[in-house]
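Okay, data-v3.cif is below, mmCIF, C-alpha atoms and all ligand atoms:
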```cif
data_final
loop_
_atom_site.label_atom_id
_atom_site.label_comp_id
_atom_site.auth_asym_id
_atom_site.auth_seq_id
_atom_site.Cartn_x
_atom_site.Cartn_y
_atom_site.Cartn_z
CA MET A 1 0.00 0.00 0.00
CA SER A 2 1.43 3.37 -0.91
CA GLN A 3 2.16 5.94 1.75
CA VAL A 4 0.17 9.13 1.57
CA VAL A 5 0.72 12.74 2.59
CA LEU A 6 -2.14 15.04 3.51
CA THR A 7 -1.80 18.78 2.98
CA LEU A 8 -4.03 21.33 4.70
CA ASN A 9 -4.51 25.02 4.07
CA ALA A 10 -6.79 26.47 6.73
CA GLY A 11 -8.07 30.01 6.09
CA SER A 12 -10.61 32.15 7.93
CA SER A 13 -13.65 30.50 6.35
CA SER A 14 -12.23 27.55 4.44
CA VAL A 15 -10.00 24.50 4.77
CA LYS A 16 -8.41 23.26 1.54
CA PHE A 17 -6.82 19.84 1.38
CA ALA A 18 -4.95 17.60 -1.01
CA ILE A 19 -3.68 14.08 -0.74
CA PHE A 20 -0.61 12.66 -2.49
CA ALA A 21 0.75 9.15 -2.75
CA TYR A 22 4.49 9.05 -2.20
CA GLY A 23 6.77 6.28 -3.32
CA SER A 24 9.89 5.52 -5.31
CA GLY A 25 8.30 7.21 -8.34
CA GLY A 26 7.81 10.50 -6.45
CA PHE A 27 4.51 12.23 -5.74
CA ASP A 28 1.21 11.33 -7.29
CA GLU A 29 -1.81 13.51 -6.53
CA LEU A 30 -4.80 11.37 -5.54
CA ALA A 31 -7.41 13.96 -4.63
CA ARG A 32 -8.02 17.53 -3.57
CA GLY A 33 -10.92 19.49 -2.18
CA GLN A 34 -12.12 22.05 0.31
CA VAL A 35 -14.68 23.00 2.88
CA GLU A 36 -15.87 26.56 2.29
CA GLY A 37 -18.25 28.85 4.13
CA LEU A 38 -17.20 27.96 7.70
CA GLY A 39 -19.11 29.94 10.26
CA ALA A 40 -22.16 30.00 7.97
CA GLN A 41 -23.49 27.43 5.54
CA ALA A 42 -20.45 25.26 4.82
CA THR A 43 -20.01 23.26 1.63
CA PHE A 44 -17.70 20.32 1.12
CA THR A 45 -16.27 19.80 -2.35
CA ALA A 46 -13.72 17.17 -3.36
CA LYS A 47 -12.50 15.34 -6.39
CA ARG A 48 -10.32 12.32 -6.84
CA THR A 49 -7.79 13.03 -9.58
CA SER A 50 -9.50 10.51 -11.82
CA GLY A 51 -13.05 10.79 -10.46
CA ALA A 52 -16.17 12.92 -10.44
CA LYS A 53 -16.67 15.96 -8.21
CA VAL A 54 -18.43 15.32 -4.89
CA GLN A 55 -20.30 18.16 -3.22
CA PHE A 56 -22.55 18.42 -0.17
CA THR A 57 -23.60 20.88 2.49
CA LEU A 58 -22.26 20.22 5.98
CA ASP A 59 -24.83 19.38 8.61
CA PRO A 60 -25.05 22.50 10.83
CA GLY A 61 -25.46 20.22 13.91
CA GLN A 62 -25.06 22.28 17.08
CA GLY A 63 -24.26 25.49 15.22
CA ALA A 64 -22.40 26.76 12.18
CA PRO A 65 -19.60 24.36 11.19
CA ASP A 66 -16.12 25.37 12.41
CA HIS A 67 -12.60 24.18 11.56
CA ARG A 68 -13.05 21.03 13.61
CA ALA A 69 -16.24 20.19 11.76
CA ALA A 70 -14.40 20.82 8.47
CA MET A 71 -11.61 18.46 9.52
CA LYS A 72 -14.18 15.82 10.45
CA ALA A 73 -15.88 16.11 7.07
CA ILE A 74 -12.53 15.83 5.29
CA LEU A 75 -11.58 12.76 7.35
CA ARG A 76 -14.91 11.10 6.76
CA TRP A 77 -14.59 11.54 3.01
CA LEU A 78 -10.98 10.35 3.00
CA GLY A 79 -12.17 7.31 4.96
CA GLU A 80 -14.99 6.55 2.55
CA GLU A 81 -12.53 6.81 -0.32
CA LYS A 82 -10.00 4.61 1.53
CA LEU A 83 -7.44 7.39 1.30
CA ASP A 84 -6.71 7.71 5.02
CA ASP A 85 -5.15 4.33 5.80
CA ASN A 86 -1.53 5.20 5.54
CA VAL A 87 -1.09 8.92 6.17
CA VAL A 88 2.63 9.22 7.00
CA ALA A 89 2.79 13.02 7.28
CA VAL A 90 0.51 16.06 7.35
CA GLY A 91 1.79 19.31 5.84
CA HIS A 92 0.22 22.65 6.78
CA ARG A 93 0.33 25.93 4.96
CA VAL A 94 1.08 28.62 7.52
CA LEU A 95 0.85 32.25 6.49
CA HIS A 96 3.48 33.81 8.69
CA GLY A 97 6.77 32.42 9.91
CA GLY A 98 8.05 35.75 11.23
CA ARG A 99 11.79 36.50 11.34
CA ASP A 100 13.03 33.14 12.37
CA PHE A 101 11.38 30.48 10.22
CA THR A 102 13.45 30.31 7.06
CA GLN A 103 12.47 26.66 6.43
CA PRO A 104 9.48 24.43 7.04
CA ALA A 105 9.50 22.93 10.53
CA ARG A 106 8.09 19.99 12.46
CA VAL A 107 5.14 20.96 14.67
CA ASP A 108 5.61 20.58 18.42
CA ALA A 109 4.40 22.48 21.47
CA ALA A 110 7.20 25.05 21.15
CA LEU A 111 6.40 25.71 17.50
CA LEU A 112 2.71 26.19 18.28
CA ALA A 113 3.64 28.61 21.05
CA THR A 114 5.81 30.58 18.60
CA LEU A 115 2.99 30.67 16.05
CA ARG A 116 0.71 32.19 18.66
CA THR A 117 3.21 35.02 19.16
CA LEU A 118 3.02 35.68 15.40
CA ILE A 119 -0.78 36.23 15.37
CA PRO A 120 -0.37 40.06 15.40
CA LEU A 121 1.58 39.78 12.12
CA GLY A 122 -1.13 37.78 10.38
CA GLU A 123 -4.39 38.29 12.23
CA LEU A 124 -6.51 37.26 9.25
CA HIS A 125 -4.87 33.88 8.74
CA GLU A 126 -2.56 32.79 11.54
CA PRO A 127 -5.27 31.95 14.11
CA PHE A 128 -6.96 29.72 11.55
CA ASN A 129 -3.69 28.07 10.54
CA ILE A 130 -3.24 27.21 14.23
CA LEU A 131 -6.80 25.85 14.47
CA GLY A 132 -6.12 23.70 11.38
CA ILE A 133 -2.96 22.27 12.95
CA GLU A 134 -4.74 21.54 16.23
CA ALA A 135 -7.60 19.79 14.44
CA ALA A 136 -5.12 17.69 12.44
CA ILE A 137 -3.17 16.71 15.56
CA GLU A 138 -6.42 15.53 17.09
CA ALA A 139 -7.20 13.51 13.97
CA PHE A 140 -3.68 12.11 13.45
CA PRO A 141 -2.04 12.21 16.90
CA LYS A 142 0.90 9.96 15.98
CA THR A 143 1.62 11.37 12.54
CA PRO A 144 4.34 14.01 12.00
CA GLN A 145 2.84 17.42 11.31
CA VAL A 146 4.93 19.93 9.37
CA ALA A 147 4.37 23.69 9.18
CA CYS A 148 5.25 25.25 5.80
CA PHE A 149 5.53 29.02 5.88
CA ASP A 150 4.47 31.34 3.09
CA THR A 151 7.12 33.80 4.23
CA ALA A 152 10.08 31.40 4.44
CA PHE A 153 11.23 31.65 0.81
CA HIS A 154 11.62 35.44 1.10
CA ARG A 155 13.89 35.28 4.13
CA ALA A 156 16.79 34.99 1.66
CA GLN A 157 16.18 38.52 0.39
CA PRO A 158 18.82 41.17 1.15
CA PHE A 159 18.47 43.77 3.92
CA VAL A 160 17.52 46.58 1.53
CA ALA A 161 14.60 44.53 0.20
CA ASP A 162 13.54 43.56 3.72
CA VAL A 163 13.57 46.87 5.58
CA TYR A 164 11.23 49.85 5.88
CA GLY A 165 12.59 53.38 6.32
CA LEU A 166 11.67 53.47 10.01
CA PRO A 167 14.03 53.74 12.97
CA ARG A 168 16.15 50.60 13.07
CA SER A 169 14.59 49.32 16.30
CA TYR A 170 11.37 48.53 14.42
CA TYR A 171 13.24 46.29 11.99
CA ASP A 172 14.93 44.58 14.89
CA GLU A 173 11.59 43.85 16.57
CA GLY A 174 10.25 42.31 13.37
CA VAL A 175 8.63 45.07 11.32
CA ARG A 176 9.89 43.78 7.96
CA ARG A 177 8.83 43.16 4.38
CA TYR A 178 8.16 39.47 4.88
CA GLY A 179 6.44 38.78 1.57
CA PHE A 180 3.98 35.94 0.89
CA HIS A 181 3.10 33.30 -1.73
CA GLY A 182 6.53 31.85 -0.89
CA LEU A 183 5.44 28.24 -1.40
CA SER A 184 4.23 29.13 -4.88
CA TYR A 185 7.48 30.96 -5.72
CA GLU A 186 9.56 28.09 -4.39
CA TYR A 187 7.59 25.62 -6.50
CA ILE A 188 7.97 27.80 -9.63
CA ALA A 189 11.71 28.30 -9.04
CA ARG A 190 12.13 24.53 -8.89
CA ARG A 191 9.83 23.90 -11.86
CA LEU A 192 11.82 26.33 -14.01
CA LYS A 193 14.82 24.02 -13.78
CA MET A 194 12.74 21.49 -15.69
CA VAL A 195 10.72 23.63 -18.09
CA ALA A 196 13.22 26.41 -18.86
CA PRO A 197 16.68 25.40 -17.57
CA GLU A 198 18.35 28.13 -19.67
CA ILE A 199 16.87 30.86 -17.44
CA ALA A 200 16.31 28.97 -14.15
CA GLY A 201 19.67 30.19 -12.81
CA GLY A 202 19.12 33.72 -14.06
CA ARG A 203 17.07 36.79 -13.16
CA VAL A 204 13.37 36.01 -13.09
CA VAL A 205 10.26 37.94 -12.04
CA VAL A 206 7.34 35.69 -11.11
CA ALA A 207 3.85 37.21 -11.09
CA HIS A 208 1.52 35.16 -8.88
CA LEU A 209 -1.87 36.60 -9.83
CA GLY A 210 -4.98 35.18 -8.15
CA ASN A 211 -7.47 36.48 -5.58
CA GLY A 212 -4.35 37.52 -3.72
CA SER A 213 -1.57 38.75 -6.02
CA SER A 214 2.11 39.50 -5.66
CA LEU A 215 5.30 39.50 -7.71
CA CYS A 216 8.71 38.23 -6.70
CA ALA A 217 12.20 38.85 -8.08
CA ILE A 218 14.27 35.67 -8.05
CA ARG A 219 17.98 35.44 -8.76
CA ASN A 220 19.48 32.01 -9.26
CA GLY A 221 16.49 30.38 -7.56
CA ARG A 222 16.65 32.60 -4.48
CA ALA A 223 14.33 35.43 -3.44
CA ALA A 224 15.69 38.92 -4.12
CA ALA A 225 12.64 41.19 -3.55
CA THR A 226 8.87 41.04 -3.49
CA THR A 227 5.83 43.33 -3.66
CA MET A 228 4.01 42.29 -0.47
CA GLY A 229 5.30 43.53 2.84
CA MET A 230 4.84 42.86 6.53
CA THR A 231 1.27 41.86 5.66
CA PRO A 232 -0.30 40.63 2.40
CA LEU A 233 -1.88 44.06 1.82
CA ASP A 234 0.99 45.76 -0.03
CA GLY A 235 1.93 45.65 -3.70
CA VAL A 236 -0.44 45.26 -6.64
CA PRO A 237 -4.21 45.64 -6.23
CA MET A 238 -6.02 42.34 -5.64
CA GLY A 239 -9.53 40.89 -5.70
CA THR A 240 -10.61 42.89 -2.65
CA ARG A 241 -7.36 44.43 -1.30
CA SER A 242 -6.17 47.88 -2.35
CA GLY A 243 -2.50 46.99 -2.68
CA GLN A 244 0.08 49.76 -2.23
CA ILE A 245 -1.40 52.89 -0.67
CA ASP A 246 0.07 56.10 0.67
CA PRO A 247 -0.13 55.80 4.49
CA GLY A 248 -1.38 59.41 4.39
CA VAL A 249 -4.64 58.12 2.88
CA LEU A 250 -5.17 55.98 5.97
CA PHE A 251 -4.59 59.00 8.25
CA TYR A 252 -7.10 60.96 6.16
CA LEU A 253 -9.72 58.21 6.50
CA MET A 254 -9.28 58.07 10.25
CA LYS A 255 -8.77 61.75 11.08
CA VAL A 256 -11.00 63.50 8.55
CA LYS A 257 -13.60 60.83 7.81
CA GLY A 258 -13.68 59.58 11.40
CA MET A 259 -13.27 55.92 10.45
CA SER A 260 -12.08 53.45 13.08
CA VAL A 261 -9.01 51.25 12.62
CA THR A 262 -11.31 48.29 11.97
CA GLU A 263 -13.30 50.19 9.38
CA VAL A 264 -10.15 51.24 7.54
CA SER A 265 -8.74 47.73 7.75
CA ASP A 266 -11.99 46.23 6.40
CA LEU A 267 -12.09 48.82 3.62
CA ILE A 268 -8.61 48.08 2.26
CA THR A 269 -8.83 44.33 2.92
CA TYR A 270 -12.34 43.35 1.81
CA ASN A 271 -13.86 46.18 -0.21
CA SER A 272 -11.10 47.62 -2.37
CA GLY A 273 -9.00 46.35 -5.30
CA LEU A 274 -10.86 44.96 -8.32
CA LYS A 275 -14.11 44.74 -6.35
CA GLY A 276 -13.99 48.27 -4.98
CA LEU A 277 -12.83 49.91 -8.19
CA SER A 278 -15.26 48.11 -10.49
CA GLY A 279 -18.20 48.09 -8.11
CA ILE A 280 -19.06 44.82 -9.85
CA SER A 281 -16.95 41.89 -8.75
CA GLN A 282 -13.62 40.77 -7.38
CA ASP A 283 -13.57 37.98 -9.94
CA MET A 284 -11.42 38.60 -13.03
CA ARG A 285 -13.62 36.40 -15.21
CA ALA A 286 -16.68 38.52 -14.37
CA LEU A 287 -14.77 41.74 -15.07
CA GLU A 288 -13.43 40.50 -18.38
CA ALA A 289 -16.97 39.52 -19.40
CA SER A 290 -18.41 42.90 -18.41
CA ASP A 291 -18.75 45.83 -20.81
CA SER A 292 -18.95 48.33 -17.97
CA PRO A 293 -16.30 51.11 -18.20
CA ALA A 294 -15.65 50.67 -14.45
CA ALA A 295 -14.75 46.99 -14.99
CA LYS A 296 -12.28 48.01 -17.71
CA GLU A 297 -10.76 50.70 -15.49
CA ALA A 298 -10.34 48.22 -12.65
CA ILE A 299 -8.48 45.82 -14.96
CA ASP A 300 -6.47 48.74 -16.38
CA TYR A 301 -5.28 49.71 -12.90
CA PHE A 302 -4.45 46.08 -12.00
CA VAL A 303 -2.37 45.66 -15.15
CA TYR A 304 -0.73 49.09 -14.82
CA ARG A 305 0.50 48.26 -11.31
CA ILE A 306 1.78 44.88 -12.48
CA ARG A 307 3.78 46.61 -15.25
CA ARG A 308 5.27 49.07 -12.79
CA GLU A 309 6.24 46.28 -10.41
CA ILE A 310 7.87 44.27 -13.20
CA GLY A 311 9.98 47.34 -14.02
CA SER A 312 10.84 47.88 -10.37
CA LEU A 313 11.79 44.25 -9.75
CA ALA A 314 13.83 44.15 -12.98
CA ALA A 315 15.80 47.11 -11.57
CA ALA A 316 16.32 45.21 -8.30
CA LEU A 317 17.74 42.31 -10.36
CA ASP A 318 19.95 44.52 -12.61
CA GLY A 319 18.07 43.19 -15.63
CA LEU A 320 15.73 40.44 -16.55
CA ASP A 321 15.94 37.04 -18.23
CA ALA A 322 12.35 35.88 -17.80
CA ILE A 323 8.87 36.78 -16.56
CA VAL A 324 6.67 33.95 -15.32
CA PHE A 325 2.90 34.16 -14.89
CA THR A 326 1.13 31.89 -12.44
CA GLY A 327 -2.00 31.74 -10.19
CA GLY A 328 -5.63 31.68 -11.38
CA ILE A 329 -5.33 34.93 -13.39
CA GLY A 330 -1.69 34.49 -14.43
CA GLU A 331 -2.33 31.00 -15.79
CA ASN A 332 -5.71 31.64 -17.44
CA SER A 333 -6.08 35.26 -18.52
CA PRO A 334 -4.46 36.01 -21.90
CA ARG A 335 -5.83 39.56 -21.65
CA THR A 336 -4.03 40.31 -18.38
CA ARG A 337 -0.75 38.89 -19.67
CA ALA A 338 -1.00 40.69 -23.02
CA GLU A 339 -1.78 44.02 -21.38
CA ALA A 340 1.01 43.51 -18.86
CA LEU A 341 3.60 42.77 -21.56
CA THR A 342 2.59 44.92 -24.51
CA GLY A 343 5.06 47.80 -24.90
CA MET A 344 7.73 46.01 -22.84
CA GLU A 345 10.13 45.72 -25.79
CA TRP A 346 12.41 48.11 -23.87
CA LEU A 347 12.89 45.22 -21.42
CA GLY A 348 13.52 42.74 -24.26
CA VAL A 349 10.01 41.26 -24.15
CA HIS A 350 8.36 40.45 -27.50
CA LEU A 351 4.94 38.91 -26.98
CA ASP A 352 3.84 36.02 -29.21
CA LYS A 353 0.14 36.87 -29.42
CA ALA A 354 -1.02 33.48 -30.69
CA ALA A 355 0.94 31.57 -28.05
CA ASN A 356 -0.44 33.89 -25.36
CA ALA A 357 -4.02 33.46 -26.56
CA ALA A 358 -3.54 29.68 -26.35
CA ASN A 359 -2.14 29.83 -22.77
CA ALA A 360 1.05 28.21 -24.15
CA GLN A 361 4.00 27.68 -21.85
CA ARG A 362 6.23 30.14 -23.71
CA ILE A 363 4.41 33.30 -24.78
CA THR A 364 7.27 35.36 -26.25
CA THR A 365 8.75 35.02 -29.74
CA ALA A 366 11.88 32.91 -30.27
CA ASP A 367 14.03 36.05 -30.76
CA SER A 368 12.74 37.72 -27.58
CA LYS A 369 15.73 38.57 -25.40
CA THR A 370 13.58 38.20 -22.30
CA MET A 371 11.34 35.16 -22.17
CA ALA A 372 7.79 35.15 -20.78
CA LEU A 373 6.31 31.90 -19.55
CA VAL A 374 3.05 30.56 -18.13
CA VAL A 375 3.68 27.96 -15.44
CA LYS A 376 0.99 26.34 -13.33
CA THR A 377 1.73 26.59 -9.64
CA ASN A 378 1.13 23.81 -7.12
CA GLU A 379 1.52 24.97 -3.54
CA GLU A 380 0.02 21.73 -2.18
CA ARG A 381 2.65 19.67 -3.95
CA MET A 382 5.39 21.87 -2.44
CA ILE A 383 3.86 21.38 1.03
CA ALA A 384 3.70 17.61 0.51
CA GLU A 385 7.39 17.53 -0.44
CA HIS A 386 8.35 19.61 2.59
CA ALA A 387 6.25 17.38 4.86
CA ILE A 388 8.04 14.25 3.68
CA ASN A 389 11.48 15.85 3.93
CA VAL A 390 11.03 17.49 7.32
CA ALA A 391 9.44 14.36 8.77
CA GLY A 392 12.66 12.58 7.74
CA LEU A 393 10.74 10.15 5.56
CA ALA A 394 12.35 10.85 2.20
CA ALA A 395 15.48 8.77 2.72
CA GLN A 396 13.52 6.06 4.55
CA LEU A 397 11.01 5.65 1.75
CA GLU A 398 13.71 5.70 -0.92
CA SER A 399 15.70 2.96 0.75
CA ALA A 400 12.54 0.89 1.29
CA ALA A 401 11.88 1.15 -2.44
CA ARG A 402 15.33 -0.13 -3.38
P1 LIG B 1 -6.58 32.18 -4.87
O1 LIG B 1 -5.65 33.34 -4.70
O2 LIG B 1 -7.82 32.25 -4.03
O3 LIG B 1 -5.88 30.83 -4.86
P2 LIG B 1 -6.82 31.69 -7.71
O4 LIG B 1 -5.35 31.56 -7.92
O5 LIG B 1 -7.68 30.50 -7.91
O6 LIG B 1 -7.18 32.36 -6.34
O7 LIG B 1 -7.32 32.83 -8.72
C1 LIG B 1 -8.64 33.26 -8.77
C2 LIG B 1 -8.75 34.35 -9.86
O8 LIG B 1 -8.42 33.76 -11.13
C3 LIG B 1 -10.16 34.90 -9.99
O9 LIG B 1 -10.11 36.32 -10.14
C4 LIG B 1 -10.64 34.28 -11.28
O10 LIG B 1 -11.59 35.07 -11.95
C5 LIG B 1 -9.35 34.21 -12.08
N1 LIG B 1 -9.48 33.30 -13.22
C6 LIG B 1 -9.62 31.96 -13.19
N2 LIG B 1 -9.79 31.49 -14.47
C7 LIG B 1 -9.76 32.57 -15.30
C8 LIG B 1 -9.87 32.77 -16.69
N3 LIG B 1 -10.08 31.75 -17.52
N4 LIG B 1 -9.78 34.02 -17.18
C9 LIG B 1 -9.59 35.08 -16.37
N5 LIG B 1 -9.46 34.97 -15.03
C10 LIG B 1 -9.54 33.73 -14.50
#
```
Go ahead and render the structure in this file as structure tokens.
Ligand code: ADP
Amino acid sequence: MSQVVLTLNAGSSSVKFAIFAYGSGGFDELARGQVEGLGAQATFTAKRTSGAKVQFTLDPGQGAPDHRAAMKAILRWLGEEKLDDNVVAVGHRVLHGGRDFTQPARVDAALLATLRTLIPLGELHEPFNILGIEAAIEAFPKTPQVACFDTAFHRAQPFVADVYGLPRSYYDEGVRRYGFHGLSYEYIARRLKMVAPEIAGGRVVVAHLGNGSSLCAIRNGRAAATTMGMTPLDGVPMGTRSGQIDPGVLFYLMKVKGMSVTEVSDLITYNSGLKGLSGISQDMRALEASDSPAAKEAIDYFVYRIRREIGSLAAALDGLDAIVFTGGIGENSPRTRAEALTGMEWLGVHLDKAANAANAQRITTADSKTMALVVKTNEERMIAEHAINVAGLAAQLESAAR
């Protein structure tokens, strides 16, 4: 029977999971799914890689389903599908690893205590990541649990990319540009060695564009700079987040408009970005399908900020060998990619329109000095690999296979 790894990504109202078989042939995805709508009407959705989609509403029971109820639903389904017999490790996506976690780490009481101290850095996610870990420990008490941090990849970035222009003591206490989407960037950096080895050791900007969006400058596979900061609010505009904003605007909202900290935080976190600007939707597909001028302007601003960030990150890298698009929008929206790259000949980018329209892997012409690529990300797969490695199972399983 093959050994399996479970990955969990617990957010404020959802728990996403995936399950991989691991053996001498590497990783094989068996299923993935999620429970959404926690705290209200929760829906379970899952699909075996080779099967039909399963969907049902969670029984509200004693009250609205919480993370524990989500974990129970996931376990029950895994049981019914006979996918839970041999779980050798559980990998967790954790938003914030603070200053000190530069690698994934095995979960123990000390690690959980450290995560609790990091809640102020990631109030929207960290408490739920902790709840997810606790629920998984309860479900698999003897199985190694591994925390994989979305910030860890960026810890390699230099001081100038990490610091804010505040008195030094703030940097020392942890006010830093941590950056996020690190598991996605790590996966892409590794994947480039296979799909584009000629640039994998060079200067690459990766644009992870989804509901949350950021860009990262990577030099020789290591993080050099990124657009998100101490929290995932900075950088390009997103589905509902404003992205970069003059702090003076926040003072204006509070002092002149009399808004509370919570109101300002909710405004720039949940009601801004594509949703706020368009007044229509946070969903790129809906905006692309709309003929409203406000939808077009929202997309225009999104793309404009991406173009500026590509230029800025290229400067941080002293030039550019490749741009990689990933995430739901990056992988699937030819319009966003075309608008981001048109007019970038000054950076050596020559778009191949037909290849871009077809979502091909390489979307620049053969003579383009700087290559643009579309690469599908797989954060769950990265978590599964980390879980096996940190749990010390990689060597064990390899030798068993010999
Ligand atoms: P998350 O950050 O929640 O993981 P995703 O990476 O799944 O999000 O990205 C979701 C975004 O991708 C949504 O804005 C969605 O509209 C967009 N998207 C998905 N498919 C397409 C498509 N074919 N064309 C344009 N946008 C798309």
Where does chain A meet ligand LIG 1 (chain B) within 12 Å, residue by residue, with the nearest atom pair and distance in Å to one decimal for each, counting all atoms listed in the file, listed by chain and rising number, as a tab-separated table?
```
residue	atom	partner	partner_atom	distance
A:Asn9	CA	B:LIG1	O3	10.7
A:Gly11	CA	B:LIG1	O2	10.4
A:Ser14	CA	B:LIG1	O2	10.6
A:Val15	CA	B:LIG1	O2	11.9
A:Lys16	CA	B:LIG1	O3	10.2
A:Gln34	CA	B:LIG1	O2	11.9
A:Glu36	CA	B:LIG1	O2	11.7
A:Phe180	CA	B:LIG1	O1	11.4
A:His181	CA	B:LIG1	O1	9.2
A:Ser184	CA	B:LIG1	O3	10.3
A:Ala207	CA	B:LIG1	O4	11.3
A:His208	CA	B:LIG1	O4	7.8
A:Leu209	CA	B:LIG1	O4	6.4
A:Gly210	CA	B:LIG1	O7	3.4
A:Asn211	CA	B:LIG1	O1	3.7
A:Gly212	CA	B:LIG1	O1	4.5
A:Ser213	CA	B:LIG1	O1	6.9
A:Ser214	CA	B:LIG1	O1	10.0
A:Pro232	CA	B:LIG1	O1	11.5
A:Pro237	CA	B:LIG1	O9	11.7
A:Met238	CA	B:LIG1	O9	8.6
A:Gly239	CA	B:LIG1	O9	6.4
A:Thr240	CA	B:LIG1	O9	10.0
A:Arg241	CA	B:LIG1	O1	11.7
A:Gly273	CA	B:LIG1	O9	11.2
A:Leu274	CA	B:LIG1	O9	8.9
A:Lys275	CA	B:LIG1	O9	10.1
A:Ser281	CA	B:LIG1	O9	8.9
A:Gln282	CA	B:LIG1	O9	6.3
A:Asp283	CA	B:LIG1	O9	3.8
A:Met284	CA	B:LIG1	O10	3.7
A:Arg285	CA	B:LIG1	O10	4.1
A:Ala286	CA	B:LIG1	O10	6.6
A:Leu287	CA	B:LIG1	O10	8.0
A:Glu288	CA	B:LIG1	C9	6.9
A:Ala289	CA	B:LIG1	C9	9.1
A:Ser290	CA	B:LIG1	C9	12.0
A:Ile299	CA	B:LIG1	O9	10.8
A:Phe302	CA	B:LIG1	O9	11.4
A:Phe325	CA	B:LIG1	O4	11.1
A:Thr326	CA	B:LIG1	O4	7.9
A:Gly327	CA	B:LIG1	O4	4.1
A:Gly328	CA	B:LIG1	O7	3.4
A:Ile329	CA	B:LIG1	O8	4.0
A:Gly330	CA	B:LIG1	O8	7.5
A:Glu331	CA	B:LIG1	N2	7.6
A:Asn332	CA	B:LIG1	N3	4.4
A:Ser333	CA	B:LIG1	C9	4.1
A:Pro334	CA	B:LIG1	N4	7.4
A:Arg335	CA	B:LIG1	C9	7.9
A:Thr336	CA	B:LIG1	C9	7.9
A:Arg337	CA	B:LIG1	C9	10.2
A:Ala357	CA	B:LIG1	N3	11.0
A:Ala358	CA	B:LIG1	N3	11.2
A:Asn359	CA	B:LIG1	N3	9.7
A:Lys376	CA	B:LIG1	O4	9.8
A:Thr377	CA	B:LIG1	O4	8.8
A:Asn378	CA	B:LIG1	O4	10.1
A:Glu379	CA	B:LIG1	O3	9.5
A:Glu380	CA	B:LIG1	O3	11.2
```
Please dump the current selection as a short mmCIF file (atom, residue, chain, number, x, y, z; two decimals), in the frame of the given file; keep C-alpha atoms.
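Result file is out.cif:
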```cif
data_model
loop_
_atom_site.label_atom_id
_atom_site.label_comp_id
_atom_site.auth_asym_id
_atom_site.auth_seq_id
_atom_site.Cartn_x
_atom_site.Cartn_y
_atom_site.Cartn_z
CA ASN A 9 -4.51 25.02 4.07
CA GLY A 11 -8.07 30.01 6.09
CA SER A 14 -12.23 27.55 4.44
CA VAL A 15 -10.00 24.50 4.77
CA LYS A 16 -8.41 23.26 1.54
CA GLN A 34 -12.12 22.05 0.31
CA GLU A 36 -15.87 26.56 2.29
CA PHE A 180 3.98 35.94 0.89
CA HIS A 181 3.10 33.30 -1.73
CA SER A 184 4.23 29.13 -4.88
CA ALA A 207 3.85 37.21 -11.09
CA HIS A 208 1.52 35.16 -8.88
CA LEU A 209 -1.87 36.60 -9.83
CA GLY A 210 -4.98 35.18 -8.15
CA ASN A 211 -7.47 36.48 -5.58
CA GLY A 212 -4.35 37.52 -3.72
CA SER A 213 -1.57 38.75 -6.02
CA SER A 214 2.11 39.50 -5.66
CA PRO A 232 -0.30 40.63 2.40
CA PRO A 237 -4.21 45.64 -6.23
CA MET A 238 -6.02 42.34 -5.64
CA GLY A 239 -9.53 40.89 -5.70
CA THR A 240 -10.61 42.89 -2.65
CA ARG A 241 -7.36 44.43 -1.30
CA GLY A 273 -9.00 46.35 -5.30
CA LEU A 274 -10.86 44.96 -8.32
CA LYS A 275 -14.11 44.74 -6.35
CA SER A 281 -16.95 41.89 -8.75
CA GLN A 282 -13.62 40.77 -7.38
CA ASP A 283 -13.57 37.98 -9.94
CA MET A 284 -11.42 38.60 -13.03
CA ARG A 285 -13.62 36.40 -15.21
CA ALA A 286 -16.68 38.52 -14.37
CA LEU A 287 -14.77 41.74 -15.07
CA GLU A 288 -13.43 40.50 -18.38
CA ALA A 289 -16.97 39.52 -19.40
CA SER A 290 -18.41 42.90 -18.41
CA ILE A 299 -8.48 45.82 -14.96
CA PHE A 302 -4.45 46.08 -12.00
CA PHE A 325 2.90 34.16 -14.89
CA THR A 326 1.13 31.89 -12.44
CA GLY A 327 -2.00 31.74 -10.19
CA GLY A 328 -5.63 31.68 -11.38
CA ILE A 329 -5.33 34.93 -13.39
CA GLY A 330 -1.69 34.49 -14.43
CA GLU A 331 -2.33 31.00 -15.79
CA ASN A 332 -5.71 31.64 -17.44
CA SER A 333 -6.08 35.26 -18.52
CA PRO A 334 -4.46 36.01 -21.90
CA ARG A 335 -5.83 39.56 -21.65
CA THR A 336 -4.03 40.31 -18.38
CA ARG A 337 -0.75 38.89 -19.67
CA ALA A 357 -4.02 33.46 -26.56
CA ALA A 358 -3.54 29.68 -26.35
CA ASN A 359 -2.14 29.83 -22.77
CA LYS A 376 0.99 26.34 -13.33
CA THR A 377 1.73 26.59 -9.64
CA ASN A 378 1.13 23.81 -7.12
CA GLU A 379 1.52 24.97 -3.54
CA GLU A 380 0.02 21.73 -2.18
#
```
(message) Considering all atoms listed in the file, can you say which of A:Leu118, A:Gly37, A:Ile19, A:Ala152 comes closest to Trp77 of chain A?
(response)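 Of A:Leu118, A:Gly37, A:Ile19, A:Ala152, the one nearest Trp77 of chain A, counting all atoms listed in the file, is A:Ile19.
If you look at atom CA of Gly23 of chain A and atom CA of Pro104 of chain A, they are 21.1 Å away from each other.
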(message) as a ChimeraX atom specification, please: the residues near Gly174 of chain A (cut-off 12 Å, only C-alpha atoms, same-chain neighbours under 3 positions excluded).
(response) /A:96-100,117-118,120-121,162-164,166,168-171,177-178,229-231
